[in-house]
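What follows is the content of upload_37.pdb (PDB, C-alpha atoms).
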```pdb
MODEL        1
ATOM      1  CA  MET A  27     -25.309 -22.138 -30.211
ATOM      2  CA  ASP A  28     -22.071 -23.194 -28.509
ATOM      3  CA  LEU A  29     -19.336 -20.577 -28.446
ATOM      4  CA  LYS A  30     -16.119 -21.269 -30.293
ATOM      5  CA  ARG A  31     -13.412 -22.267 -27.801
ATOM      6  CA  VAL A  32     -10.114 -20.511 -28.462
ATOM      7  CA  GLY A  33      -6.841 -20.901 -26.589
ATOM      8  CA  LEU A  34      -4.376 -18.002 -26.490
ATOM      9  CA  LEU A  35      -0.665 -18.591 -25.944
ATOM     10  CA  GLY A  36       1.460 -15.474 -25.762
ATOM     11  CA  GLY A  37       5.230 -15.260 -25.691
ATOM     12  CA  SER A  38       8.360 -13.775 -27.143
ATOM     13  CA  PHE A  39       8.950 -16.896 -29.267
ATOM     14  CA  ASP A  40      12.582 -15.840 -29.604
ATOM     15  CA  PRO A  41      12.754 -18.466 -31.049
ATOM     16  CA  ILE A  42       9.648 -20.642 -30.867
ATOM     17  CA  HIS A  43      10.586 -24.177 -29.780
ATOM     18  CA  LYS A  44       9.193 -27.650 -29.283
ATOM     19  CA  ALA A  45       7.954 -27.007 -25.742
ATOM     20  CA  HIS A  46       5.771 -24.143 -27.027
ATOM     21  CA  ILE A  47       4.220 -26.405 -29.650
ATOM     22  CA  ALA A  48       3.752 -29.297 -27.219
ATOM     23  CA  LEU A  49       2.005 -27.002 -24.729
ATOM     24  CA  ALA A  50      -0.289 -25.572 -27.411
ATOM     25  CA  LEU A  51      -1.235 -29.074 -28.580
ATOM     26  CA  ALA A  52      -1.820 -30.304 -25.004
ATOM     27  CA  ALA A  53      -4.137 -27.340 -24.369
ATOM     28  CA  PHE A  54      -5.915 -27.933 -27.690
ATOM     29  CA  GLU A  55      -6.692 -31.536 -26.802
ATOM     30  CA  GLN A  56      -7.376 -31.322 -23.067
ATOM     31  CA  LEU A  57      -9.496 -28.171 -23.107
ATOM     32  CA  GLN A  58     -11.312 -29.403 -26.226
ATOM     33  CA  LEU A  59     -10.518 -26.207 -28.088
ATOM     34  CA  ASP A  60     -11.446 -25.360 -31.632
ATOM     35  CA  GLN A  61      -8.174 -23.501 -32.099
ATOM     36  CA  VAL A  62      -5.064 -22.315 -30.278
ATOM     37  CA  GLN A  63      -3.685 -18.951 -31.357
ATOM     38  CA  LEU A  64      -0.034 -18.167 -30.704
ATOM     39  CA  LEU A  65       0.519 -14.474 -30.017
ATOM     40  CA  PRO A  66       4.114 -13.296 -30.606
ATOM     41  CA  ALA A  67       4.767 -10.225 -28.455
ATOM     42  CA  ALA A  68       5.958  -6.950 -29.950
ATOM     43  CA  GLN A  69       7.989  -5.704 -26.966
ATOM     44  CA  PRO A  70       7.505  -7.881 -23.866
ATOM     45  CA  TRP A  71       7.649  -5.515 -20.885
ATOM     46  CA  GLN A  72       8.947  -8.056 -18.354
ATOM     47  CA  ARG A  73      12.064  -9.252 -20.183
ATOM     48  CA  ASP A  74      15.285  -8.119 -21.819
ATOM     49  CA  ALA A  75      15.748  -6.982 -25.416
ATOM     50  CA  LEU A  76      14.845  -9.532 -28.062
ATOM     51  CA  GLY A  77      17.398 -11.323 -30.217
ATOM     52  CA  ALA A  78      15.373 -11.520 -33.438
ATOM     53  CA  SER A  79      13.179  -9.007 -35.221
ATOM     54  CA  THR A  80       9.407  -9.124 -35.058
ATOM     55  CA  GLN A  81       9.294 -10.298 -38.687
ATOM     56  CA  ASP A  82      11.688 -13.170 -37.992
ATOM     57  CA  ARG A  83       9.863 -14.277 -34.836
ATOM     58  CA  LEU A  84       6.546 -14.151 -36.670
ATOM     59  CA  ALA A  85       7.944 -16.132 -39.595
ATOM     60  CA  MET A  86       9.375 -18.810 -37.287
ATOM     61  CA  ALA A  87       6.060 -19.133 -35.443
ATOM     62  CA  LYS A  88       4.229 -19.641 -38.736
ATOM     63  CA  LEU A  89       6.739 -22.288 -39.827
ATOM     64  CA  ALA A  90       6.402 -24.123 -36.514
ATOM     65  CA  THR A  91       2.597 -24.258 -36.627
ATOM     66  CA  GLN A  92       1.936 -24.862 -40.319
ATOM     67  CA  SER A  93       1.679 -28.649 -39.978
ATOM     68  CA  HIS A  94      -0.726 -28.548 -36.991
ATOM     69  CA  HIS A  95      -4.309 -27.922 -38.095
ATOM     70  CA  GLY A  96      -5.467 -26.661 -34.682
ATOM     71  CA  LEU A  97      -2.733 -24.049 -34.282
ATOM     72  CA  ARG A  98      -2.689 -20.540 -35.740
ATOM     73  CA  VAL A  99      -0.443 -17.504 -35.399
ATOM     74  CA  ASN A 100      -2.204 -14.269 -34.482
ATOM     75  CA  PRO A 101      -0.055 -11.179 -35.195
ATOM     76  CA  VAL A 102      -2.300  -8.751 -33.280
ATOM     77  CA  GLU A 103       0.367  -7.777 -30.723
ATOM     78  CA  ILE A 104       3.055  -7.229 -33.357
ATOM     79  CA  GLU A 105       0.656  -5.223 -35.517
ATOM     80  CA  ARG A 106      -0.265  -3.066 -32.518
ATOM     81  CA  GLY A 107       3.432  -2.446 -31.757
ATOM     82  CA  GLY A 108       4.943  -0.885 -28.658
ATOM     83  CA  PRO A 109       5.167  -2.553 -25.251
ATOM     84  CA  THR A 110       3.023  -5.684 -25.086
ATOM     85  CA  TYR A 111       0.417  -5.775 -22.337
ATOM     86  CA  THR A 112      -2.013  -8.665 -22.103
ATOM     87  CA  ILE A 113      -4.876  -6.362 -21.110
ATOM     88  CA  ASP A 114      -4.647  -4.543 -24.466
ATOM     89  CA  THR A 115      -4.779  -7.869 -26.287
ATOM     90  CA  VAL A 116      -7.778  -9.291 -24.455
ATOM     91  CA  ARG A 117      -9.711  -6.031 -24.831
ATOM     92  CA  SER A 118      -9.322  -6.383 -28.613
ATOM     93  CA  LEU A 119     -10.605  -9.968 -28.801
ATOM     94  CA  PRO A 120     -13.563 -10.442 -31.154
ATOM     95  CA  ALA A 121     -16.816 -11.280 -29.420
ATOM     96  CA  GLY A 122     -18.486 -14.620 -29.917
ATOM     97  CA  SER A 123     -15.792 -16.970 -28.577
ATOM     98  CA  ARG A 124     -14.844 -18.388 -25.200
ATOM     99  CA  TYR A 125     -11.178 -17.638 -24.591
ATOM    100  CA  TYR A 126      -8.598 -19.497 -22.514
ATOM    101  CA  TRP A 127      -5.302 -17.776 -21.691
ATOM    102  CA  ILE A 128      -2.601 -20.452 -21.537
ATOM    103  CA  LEU A 129       0.302 -19.770 -19.197
ATOM    104  CA  GLY A 130       3.073 -21.541 -17.346
ATOM    105  CA  SER A 131       3.173 -21.980 -13.588
ATOM    106  CA  ASP A 132       6.045 -19.472 -13.411
ATOM    107  CA  GLN A 133       3.791 -16.824 -15.010
ATOM    108  CA  LEU A 134       0.938 -17.771 -12.697
ATOM    109  CA  HIS A 135       3.074 -16.849  -9.700
ATOM    110  CA  ASN A 136       3.427 -13.228 -10.861
ATOM    111  CA  PHE A 137       0.067 -12.904 -12.633
ATOM    112  CA  CYS A 138      -1.103 -10.349 -10.073
ATOM    113  CA  SER A 139       1.720  -8.032 -11.189
ATOM    114  CA  TRP A 140       0.294  -7.824 -14.721
ATOM    115  CA  ASN A 141      -1.370  -4.578 -15.749
ATOM    116  CA  ASP A 142      -5.084  -4.593 -14.849
ATOM    117  CA  TRP A 143      -4.948  -8.289 -14.040
ATOM    118  CA  GLN A 144      -8.425  -8.321 -12.518
ATOM    119  CA  GLU A 145      -9.890  -6.987 -15.770
ATOM    120  CA  ILE A 146      -8.031  -9.635 -17.787
ATOM    121  CA  LEU A 147     -10.106 -12.256 -15.968
ATOM    122  CA  GLU A 148     -13.291 -10.679 -17.294
ATOM    123  CA  TYR A 149     -12.251 -11.580 -20.844
ATOM    124  CA  VAL A 150     -10.472 -14.938 -20.500
ATOM    125  CA  GLU A 151     -10.289 -18.043 -18.378
ATOM    126  CA  LEU A 152      -6.843 -19.123 -17.193
ATOM    127  CA  ALA A 153      -5.309 -22.479 -18.088
ATOM    128  CA  VAL A 154      -1.983 -23.278 -16.430
ATOM    129  CA  ALA A 155       0.701 -25.858 -17.165
ATOM    130  CA  GLN A 156       3.589 -26.744 -14.901
ATOM    131  CA  ARG A 157       7.013 -25.385 -15.806
ATOM    132  CA  PRO A 158      10.314 -27.016 -14.757
ATOM    133  CA  GLY A 159      11.084 -26.188 -11.123
ATOM    134  CA  SER A 160       7.864 -24.211 -10.698
ATOM    135  CA  PRO A 161       4.936 -25.972  -9.000
ATOM    136  CA  VAL A 162       1.394 -24.831  -9.758
ATOM    137  CA  GLU A 163       0.529 -22.507  -6.872
ATOM    138  CA  THR A 164      -2.249 -19.941  -7.185
ATOM    139  CA  PRO A 165      -1.547 -16.582  -5.500
ATOM    140  CA  ALA A 166      -4.080 -15.804  -2.782
ATOM    141  CA  ALA A 167      -5.267 -12.587  -4.478
ATOM    142  CA  LEU A 168      -5.861 -14.439  -7.738
ATOM    143  CA  GLN A 169      -7.737 -17.266  -6.017
ATOM    144  CA  GLN A 170      -9.941 -14.721  -4.273
ATOM    145  CA  GLU A 171     -10.759 -13.005  -7.588
ATOM    146  CA  LEU A 172     -11.479 -16.315  -9.326
ATOM    147  CA  SER A 173     -13.841 -17.253  -6.493
ATOM    148  CA  ARG A 174     -15.613 -13.905  -6.791
ATOM    149  CA  LEU A 175     -16.094 -14.484 -10.529
ATOM    150  CA  GLN A 176     -17.112 -18.104  -9.898
ATOM    151  CA  ARG A 177     -14.316 -19.212 -12.216
ATOM    152  CA  ARG A 178     -11.907 -22.067 -11.811
ATOM    153  CA  LEU A 179      -8.280 -22.337 -12.812
ATOM    154  CA  HIS A 180      -7.951 -24.924 -15.575
ATOM    155  CA  GLN A 181      -4.898 -27.160 -15.294
ATOM    156  CA  ILE A 182      -3.221 -28.641 -18.356
ATOM    157  CA  ASP A 183      -1.643 -32.026 -17.720
ATOM    158  CA  PHE A 184       1.731 -31.325 -19.254
ATOM    159  CA  LEU A 185       5.066 -32.997 -18.577
ATOM    160  CA  PRO A 186       7.476 -30.065 -18.171
ATOM    161  CA  MET A 187      10.054 -29.874 -20.958
ATOM    162  CA  ASP A 188      13.390 -28.365 -19.998
ATOM    163  CA  ILE A 189      13.767 -26.221 -23.112
ATOM    164  CA  SER A 190      14.274 -22.470 -23.093
ATOM    165  CA  ALA A 191      14.789 -19.895 -25.827
ATOM    166  CA  THR A 192      17.862 -18.639 -23.933
ATOM    167  CA  GLN A 193      19.377 -22.122 -24.093
ATOM    168  CA  ILE A 194      18.685 -22.289 -27.839
ATOM    169  CA  ARG A 195      20.249 -18.878 -28.538
ATOM    170  CA  GLU A 196      23.348 -19.885 -26.580
ATOM    171  CA  ARG A 197      23.656 -23.139 -28.527
ATOM    172  CA  VAL A 198      23.413 -21.234 -31.819
ATOM    173  CA  GLN A 199      26.202 -18.913 -30.677
ATOM    174  CA  ARG A 200      28.402 -21.926 -29.895
ATOM    175  CA  GLY A 201      27.607 -23.513 -33.248
ATOM    176  CA  ASP A 202      25.796 -26.455 -31.628
ATOM    177  CA  ASN A 203      22.953 -28.352 -33.279
ATOM    178  CA  ILE A 204      19.460 -27.250 -32.166
ATOM    179  CA  THR A 205      17.249 -29.675 -34.112
ATOM    180  CA  ALA A 206      16.306 -31.516 -30.908
ATOM    181  CA  LEU A 207      14.922 -28.281 -29.449
ATOM    182  CA  VAL A 208      13.092 -26.570 -32.319
ATOM    183  CA  PRO A 209      11.053 -27.772 -35.300
ATOM    184  CA  GLU A 210      13.259 -28.589 -38.300
ATOM    185  CA  GLU A 211      11.835 -25.702 -40.364
ATOM    186  CA  VAL A 212      12.729 -23.265 -37.567
ATOM    187  CA  ALA A 213      16.275 -24.601 -37.305
ATOM    188  CA  GLN A 214      16.684 -24.138 -41.059
ATOM    189  CA  TYR A 215      15.306 -20.599 -40.883
ATOM    190  CA  ILE A 216      17.674 -19.635 -38.055
ATOM    191  CA  ASP A 217      20.625 -21.024 -40.012
ATOM    192  CA  LYS A 218      19.586 -19.366 -43.273
ATOM    193  CA  LYS A 219      18.999 -15.977 -41.639
ATOM    194  CA  ARG A 220      22.058 -16.320 -39.388
ATOM    195  CA  LEU A 221      20.036 -15.377 -36.333
ATOM    196  CA  TYR A 222      21.391 -15.242 -32.778
ATOM    197  CA  LEU A 223      25.046 -15.290 -33.800
ATOM    198  CA  SER A 224      25.821 -12.240 -31.684
ATOM    199  CA  HIS A 225      24.237 -11.050 -28.453
ATOM    200  CA  PRO A 226      22.526  -8.812 -27.966
ATOM    201  CA  GLN A 227      21.412  -8.229 -31.521
ATOM    202  CA  VAL A 228      19.789  -4.917 -32.268
ATOM    203  CA  ARG A 229      17.388  -5.491 -35.113
ATOM    204  CA  PRO A 230      14.799  -3.177 -36.600
ATOM    205  CA  VAL A 231      11.202  -4.093 -35.822
TER     206      VAL A 231
ENDMDL
END
```
Full structure transcribed into structure tokens:
Amino acid sequence: MDLKRVGLLGGSFDPIHKAHIALALAAFEQLQLDQVQLLPAAQPWQRDALGASTQDRLAMAKLATQSHHGLRVNPVEIERGGPTYTIDTVRSLPAGSRYYWILGSDQLHNFCSWNDWQEILEYVELAVAQRPGSPVETPAALQQELSRLQRRLHQIDFLPMDISATQIRERVQRGDNITALVPEEVAQYIDKKRLYLSHPQVRPV
């Protein structure tokens, strides 16, 4: 029996935006996946404090994916709490599926700085998409490990979209319209909840 093919896309999603959704859909189609799970991080260890609470980021992710049948939101990292490390997530993956970890070329460059990165490769295959200003270049140590495992790096043909969560938060602070950058339901949620109006926001998790 063929294994279920599942893509995993982690991130702060602070807030989730159209580039996240476009990347998830590109991976879904090109890797012929059965599902792509978006994994909002609890406390990303490689970035600054978050602007929205875990509940708000989770709610926005669910709103952004609800109209796409192949996309799901997996709250495993938020439910686990504490600093978010990919190794903890992949160790908890249910058996019986073939997993693809979706990442941008900027993340690929520092993948070998991730906790227990060699072990991560025992659980998932890597699928990379180009990010603006960041060509797809595989670090030598990673290429050596992939060769040892007889794995290849999957590339997602994805036209880089120059959208960032930082840019969106700044536009909200200025009172600018963000509907071109985020799904309409997310823009409405941000407005209703008055998110990102001050920075940094300290919100309970």
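Pairwise distance (atom CA of A:Arg31, atom CA of A:His94) equals 16.9 Å.
Compared by their closest atoms to A:Arg174, and using only C-alpha atoms, the residues A:Met86, A:Leu207, A:Ala75, A:Leu147 rank with A:Leu147 nearest.
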Please evaluate the PyMOL selection byres ((chain A and resi 98) around 6) against the displayed coordinates and give the resulting residues as a VMD selection string. chain A and resid 63 97 99
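We find atom CA of A:Val212 and atom CA of A:Glu103 to be spaced 21.0 Å apart.
Considering the residues A:Val102, A:Leu175, A:Leu221, A:Ala191 and counting only C-alpha atoms, A:Asp82 has its shortest atom-to-atom contact with A:Leu221.
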Edge lengths and centre, in Å to one decimal, as lines of an AutoDock Vina configuration file: that's what I need for the box along x, y and z that holds all listed atoms of stretch 96-104 of chain A plus 3 Å on each side.
```
center_x = -1.2
center_y = -16.9
center_z = -33.2
size_x = 14.5
size_y = 25.4
size_z = 11.0
```
Could you pull out every residue with an atom within 12 Å of (17.8, -19.0, -41.9), file coordinates, counting only C-alpha atoms, and send them as an MDAnalysis selection string? chainID A and resid 41 78 82:83 85:86 89 198 210:223
Nearest to A:Pro186, chosen from A:Ala48, A:Leu172, A:Val150, A:Leu134, with all atoms listed in the file counted in the distances: A:Ala48
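Take atom CA of A:Lys44 and atom CA of A:Val208: the distance between them is 5.1 Å.
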Once the PyMOL selection byres ((chain A and resi 114-130) around 6) is applied to the coordinates I shared, what remains selected? I want it as JSON, numbers by chain. {"A": [29, 30, 31, 32, 33, 34, 35, 111, 112, 113, 131, 132, 133, 150, 151, 152, 153, 154, 155, 156, 157]}
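Taking only C-alpha atoms into account, A:Gln144 lies nearest to A:Ala167 out of the set A:Leu57, A:Ala167, A:Leu84, A:Val162.
Nearest residue to A:Ile182 among A:Ala166, A:Ala50, A:Ala67, A:Ala45 is A:Ala50, counting only C-alpha atoms.
Proximity to A:Pro101 was assessed for A:Gly159, A:Gly37, A:Pro209, A:Pro66 counting all atoms listed in the file; the smallest distance is recorded for A:Pro66.
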Neighbour list for A:His95 as an mmCIF file with C-alpha atoms, in the coordinates of the input, cut-off 10 Å, only C-alpha atoms, skip fewer than 3 positions in-chain:
```
data_model
loop_
_atom_site.group_PDB
_atom_site.id
_atom_site.type_symbol
_atom_site.label_atom_id
_atom_site.label_comp_id
_atom_site.auth_asym_id
_atom_site.auth_seq_id
_atom_site.Cartn_x
_atom_site.Cartn_y
_atom_site.Cartn_z
ATOM 1 C CA ASP A 60 -11.446 -25.360 -31.632
ATOM 2 C CA GLN A 61 -8.174 -23.501 -32.099
ATOM 3 C CA VAL A 62 -5.064 -22.315 -30.278
ATOM 4 C CA THR A 91 2.597 -24.258 -36.627
ATOM 5 C CA GLN A 92 1.936 -24.862 -40.319
ATOM 6 C CA ARG A 98 -2.689 -20.540 -35.740
#
```
